[in-house]
Amino acid sequence: MEYLKILPEWEQGVIFGKIEEKVEAYKSRQSIFNEEFAEDEFVLMKIYDEYAAAGIGSYFNDDNSGYIEMRFNKAELPPRADFGVRISGDSMMPDIEDGCVVWVKPQPQIESGQVGIFILDGQPLCKKLKIDYGKKGGRTAHLISTNPEYDPIEIDENSDIRTVGLVLSSFWLPD
């Protein structure tokens with residue numbers, strides 16, 4: 001800094017401009033844990049501790065449920081994401097990998113062909129919903145894995161199913 005003070009004013013401006021550019025570039029590469037960003041650029045998001053098979057349980061409605069809160073840059077979040085859920089298993093490979101986290105938008109139902117988080121007969125699952133409409137007005141519903149090694153799970157009138165929300169995207173938590 002002492003050296004910069006003795007340079008001509010125009011040269012100081014050039015150097016300071018380059019330093020400011022480098023500082024901004026550095027800030028944009030910082031991790032989610034950086035406290036130096038403006039507060040309005042970040043949001044606290046819940047990441048639930050239990051795993052969804054792909055378990056999560058009905059603990060989403062419990063304020064004492066197991067989760068951590070982490071700061072995420074708003075620009076890096078998918079629109080409408082409300083919380084994250086850890087995934088366990090390879091049934092949704094290659095789209096959703098074992099050990100990653102998915103962003104979820106809570107909603108009571110999703111459309112056929114979309115991936116969601118479900119509670120089926122008490123079992124937490126991350127699956128794709130598939131609804132087939134019959135010619136006579138009937139319909140069948142299945143929860144589908146993207147990994148072909150897993151059979152579809154049929155949903156019938158005896159199934160106790162609840163949709164937790166729509167899966168928006170997946171990501172890896174930093175170590």
# chains A, B, ... in the order shown; residues from 1 in each chain; ligands from 1

call {"tool": "residues_around", "arguments": {"residues": "stretch 97-113 of chain A", "least_positions_apart": "5", "cutoff": "8 Å", "atoms": "only C-alpha atoms", "output": "tab-separated table (two decimals) with C-alpha atoms, in the first residue's frame"}}
result
chain	number	residue	atom	x	y	z
A	47	ILE	CA	-30.85	-29.81	5.38
A	54	ALA	CA	-33.04	-43.31	-3.27
A	78	PRO	CA	-33.20	-23.25	-7.46
A	80	ARG	CA	-38.90	-22.18	-4.86
A	81	ALA	CA	-36.51	-24.46	-2.92
A	82	ASP	CA	-37.54	-24.63	0.71
A	83	PHE	CA	-35.30	-27.31	2.24
A	84	GLY	CA	-32.81	-30.05	1.42
A	85	VAL	CA	-32.98	-33.80	2.02
A	86	ARG	CA	-30.04	-36.21	2.09
A	87	ILE	CA	-30.32	-39.19	-0.27
A	88	SER	CA	-29.25	-42.74	0.51
A	89	GLY	CA	-29.05	-45.52	-2.06
A	90	ASP	CA	-28.60	-45.91	-5.78
A	92	MET	CA	-32.30	-42.95	-8.57
A	128	LYS	CA	-40.50	-40.56	-9.89
A	129	LEU	CA	-44.30	-40.64	-9.92
A	130	LYS	CA	-45.91	-42.41	-12.87
A	131	ILE	CA	-49.68	-42.38	-13.37
A	162	ARG	CA	-48.08	-38.72	1.34
A	163	THR	CA	-46.24	-36.40	-1.00
A	164	VAL	CA	-43.70	-34.28	0.87
A	165	GLY	CA	-42.65	-32.22	-2.12
A	166	LEU	CA	-41.17	-31.84	-5.57
A	167	VAL	CA	-37.44	-32.50	-6.07
A	168	LEU	CA	-35.93	-29.50	-7.87
A	169	SER	CA	-32.24	-30.46	-8.15
A	170	SER	CA	-29.43	-32.29	-6.40
A	171	PHE	CA	-26.06	-31.11	-5.10
A	172	TRP	CA	-23.14	-32.18	-2.91
A	173	LEU	CA	-22.47	-30.56	0.46

call {"tool": "atom_distance", "arguments": {"atom1": "atom CA of A:Asp95", "atom2": "atom CA of A:Pro148"}}
result
12.1 Å

call {"tool": "atom_distance", "arguments": {"atom1": "atom CA of A:Glu69", "atom2": "atom CA of A:Gln123"}}
result
24.3 Å

call {"tool": "closest_residue", "arguments": {"among": "A:Tyr51, A:Lys46, A:Ser145, A:Gly122", "to": "A:Tyr67", "atoms": "only C-alpha atoms"}}
result
A:Lys46

call {"tool": "residues_around", "arguments": {"residues": "A:Phe42", "least_positions_apart": "6", "cutoff": "8 Å", "atoms": "only C-alpha atoms", "output": "PyMOL selection string"}}
result
chain A and resi 71-74

call {"tool": "atom_distance", "arguments": {"atom1": "atom CA of A:Ile155", "atom2": "atom CA of A:Leu120"}}
result
8.6 Å
